[in-house]
Structures are given as structure tokens and as C-alpha cells.
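**Student:** My questions all concern the structure below.
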Amino acid sequence: MSSFTDFKISTPLRNALDDLGLENPTPVQEQAFPVVMSGKDVVGIAQTGTGKTFAYLLPILNSLPFSKEKHPRVLIMVPTRELVVQVVEETEKLGKYASIRVLGVYGGTNMKRQKEALAEGSDIVVATPARLYDLVLARALQLKAVKKLVIDEVDVMLDLGFRFQLTNIFELLPTHRQNIMF
């Protein structure tokens, strides 16, 4: 594939890519797109700056139908609050022409406000593992509707000691889901 027009991308997503001036996928995006779209589990390895975030966001947003479901259908876990903010911003850019509700949750901020935002409903939650686990324990977030789990920077998460939270979160997720790890 030489351009995004070769992907079977929805019109809203294509319009967002046009706005961003993006015409050609990076190698990781080109390879990941059909696999993520197929619903199979994915493990992707690529250097920083190669477009990994779009490699999983494009197919997820392309196949995420509109829903009034209150609980998130996509869970993206990242190791740092900076990455939460970055992934939320990228999701908003790509979802500009679609009705996608994305919410970022991370520690070091007011958990009450995050609980209130979660109560309003979201399609995609981007979270650090510790804050996500805290919100689940506080019953502010239910994971029963999650169909796609993305773990970005999985190696960094394990290096930072998030194994306990990850293991506990896995136990709370539906068994029938797609796992995407980069």
C-alpha cells in the first residue's frame, strides 16, 4: 500500500487525515492496519516516532460504530500522564468528524473530576494503569464493554513496575476482546 486511500477508511477518518496533511502510511501503520481491522491480537514493535499511535488508532476508529453505550468499548493503557494527553489529542484529531467520546485519566489530578467525566460516558478511555485501577476499585469505571485493549509502551510499563495493576486489570476485562500491544 502506498497511500491511505488504499485502506478502506471511512469518510470522516479520511477527512481528518486530509486535514492533517497525511497521505502515506508509515511501515508500522501499513502492516498493523489490516491485522487490527481483522480483530486478531497484535504485537507491534517499532521505534519512537514511527507512527505507532496512528497504527492502532486508525483501524480502531475506522471500525468503531456510533454508540450511546455509557461504558468504554476501547481501553488504551499507557505508562505516563504525558502519553495519556498525547494519545487523547491524537484521537481527537482523527475523530474530528466522528462522534467519538475520548477521555484521558491519570494520577496527579483530581480523581473526583475524572469520576464525573466517566459518569457522562465515553467510547475510548486512555489511562495510566494505577489511576485506571483506582477508578475501577472506586466503581467509577466499568470495563465490561471493552472490546479492544491497547497497551502502548508495554515494555516501559513493566519497567515502571505496573505488573500488579496490569494483572489485576486483565482479570476485570471481558475475555472476548482484541489485544493490541506496542
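Labeling convention for the C-alpha cells: chains A, B, ... as they appear, residues from 1 per chain, ligands from 1 in order of appearance.
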To test your reading of the structure, identify every residue in stretch 49-115 of chain A that backbone DSSP assigns to strand (DSSP E), and report it as number ranges by chain.

**Tutor:** A: 74-77, 102-105

**Student:** Kindly export the residues of the current selection with N, CA and C atoms, as a PDB file, in the first residue's frame.

**Tutor:**
```
ATOM      1  N   VAL A  74     -13.280   0.812  24.120  1.00  0.00           N
ATOM      2  CA  VAL A  74     -11.843   0.733  23.840  1.00  0.00           C
ATOM      3  C   VAL A  74     -11.100   1.252  25.060  1.00  0.00           C
ATOM      4  N   LEU A  75     -10.110   0.485  25.507  1.00  0.00           N
ATOM      5  CA  LEU A  75      -9.263   0.886  26.617  1.00  0.00           C
ATOM      6  C   LEU A  75      -7.826   0.945  26.114  1.00  0.00           C
ATOM      7  N   ILE A  76      -7.214   2.104  26.262  1.00  0.00           N
ATOM      8  CA  ILE A  76      -5.817   2.287  25.864  1.00  0.00           C
ATOM      9  C   ILE A  76      -5.025   2.607  27.124  1.00  0.00           C
ATOM     10  N   MET A  77      -4.082   1.746  27.460  1.00  0.00           N
ATOM     11  CA  MET A  77      -3.247   1.978  28.642  1.00  0.00           C
ATOM     12  C   MET A  77      -1.848   2.392  28.193  1.00  0.00           C
ATOM     13  N   VAL A 102     -13.742  10.536  23.839  1.00  0.00           N
ATOM     14  CA  VAL A 102     -12.483  10.020  24.391  1.00  0.00           C
ATOM     15  C   VAL A 102     -12.180  10.757  25.692  1.00  0.00           C
ATOM     16  N   LEU A 103     -11.667  10.006  26.651  1.00  0.00           N
ATOM     17  CA  LEU A 103     -11.366  10.582  27.957  1.00  0.00           C
ATOM     18  C   LEU A 103     -10.024  10.052  28.435  1.00  0.00           C
ATOM     19  N   GLY A 104      -9.187  10.942  28.928  1.00  0.00           N
ATOM     20  CA  GLY A 104      -7.904  10.557  29.498  1.00  0.00           C
ATOM     21  C   GLY A 104      -7.957  10.621  31.015  1.00  0.00           C
ATOM     22  N   VAL A 105      -7.447   9.587  31.682  1.00  0.00           N
ATOM     23  CA  VAL A 105      -7.399   9.566  33.144  1.00  0.00           C
ATOM     24  C   VAL A 105      -5.996   9.166  33.597  1.00  0.00           C
TER      25      VAL A 105
END
```

**Student:** As a PyMOL selection string, list the residues of stretch 3-182 of chain A assigned to helix (DSSP H, G or I) by DSSP on the backbone atoms of this structure.

**Tutor:** chain A and resi 4-6+11-19+27-38+52-62+81-94+111-119+129-137+154-159+163-172

**Student:** Given only C-alpha atoms as the basis, pick out the residue of A:Phe4, A:Phe170, A:Phe182, A:Phe54 nearest to A:Glu92.

**Tutor:**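 Ranking A:Phe4, A:Phe170, A:Phe182, A:Phe54 by distance to A:Glu92, first place goes to A:Phe54.
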
**Student:** With only C-alpha atoms as the basis for distance, which of A:Gln142, A:Thr80, A:Ser99, A:Thr48 is at the shortest distance from A:Thr128?

**Tutor:**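 Result for the nearest residue to A:Thr128: A:Thr80.
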
**Student:** Do you know which residues are at most 8 Å from A:Pro25 counting only C-alpha atoms, after dropping those on the same chain fewer than 4 positions away, and could you put them as a ChimeraX atom specification?

**Tutor:** /A:2-4,29-30

**Student:** Put those residues in a file: N, CA and C atoms, as a PDB file, in the first residue's frame.

**Tutor:**
```
ATOM      1  N   SER A   2       0.505   2.182  -0.814  1.00  0.00           N
ATOM      2  CA  SER A   2       1.344   3.365  -0.905  1.00  0.00           C
ATOM      3  C   SER A   2       0.682   4.618  -0.332  1.00  0.00           C
ATOM      4  N   SER A   3      -0.630   4.582  -0.134  1.00  0.00           N
ATOM      5  CA  SER A   3      -1.289   5.748   0.450  1.00  0.00           C
ATOM      6  C   SER A   3      -2.478   5.309   1.298  1.00  0.00           C
ATOM      7  N   PHE A   4      -2.970   6.251   2.112  1.00  0.00           N
ATOM      8  CA  PHE A   4      -4.121   5.940   2.959  1.00  0.00           C
ATOM      9  C   PHE A   4      -5.369   5.663   2.132  1.00  0.00           C
ATOM     10  N   GLN A  29       2.223   1.428  10.318  1.00  0.00           N
ATOM     11  CA  GLN A  29       0.799   1.658  10.075  1.00  0.00           C
ATOM     12  C   GLN A  29       0.288   0.755   8.954  1.00  0.00           C
ATOM     13  N   GLU A  30       1.070   0.626   7.913  1.00  0.00           N
ATOM     14  CA  GLU A  30       0.696  -0.207   6.781  1.00  0.00           C
ATOM     15  C   GLU A  30       0.558  -1.671   7.185  1.00  0.00           C
TER      16      GLU A  30
END
```

**Student:** List the spatial neighbours of stretch 143-148 of chain A as a VMD selection string - criterion: any atom at most 10 Å away, only C-alpha atoms, same-chain residues fewer than 4 positions off excluded.

**Tutor:** chain A and resid 36 39 41 60 64 69 to 76 123 to 125 136 169 to 170 172 to 180

**Student:** With only C-alpha atoms as the atoms that count, which of A:Leu20, A:Leu83, A:Met37, A:Leu58 lies nearest to A:Val156?

**Tutor:** A:Leu83

**Student:** When you look at A:Arg81 with a cut-off of 10 Å (counting only C-alpha atoms), what residues show up, excluding the ones that are within fewer than 6 positions of it in the same chain? I need them as a list in words.

**Tutor:** Val87, Gly104, Val105, Tyr106, Gly107, Gly108, Thr109, Val126, Ala127, Thr128 and Arg131 of chain A
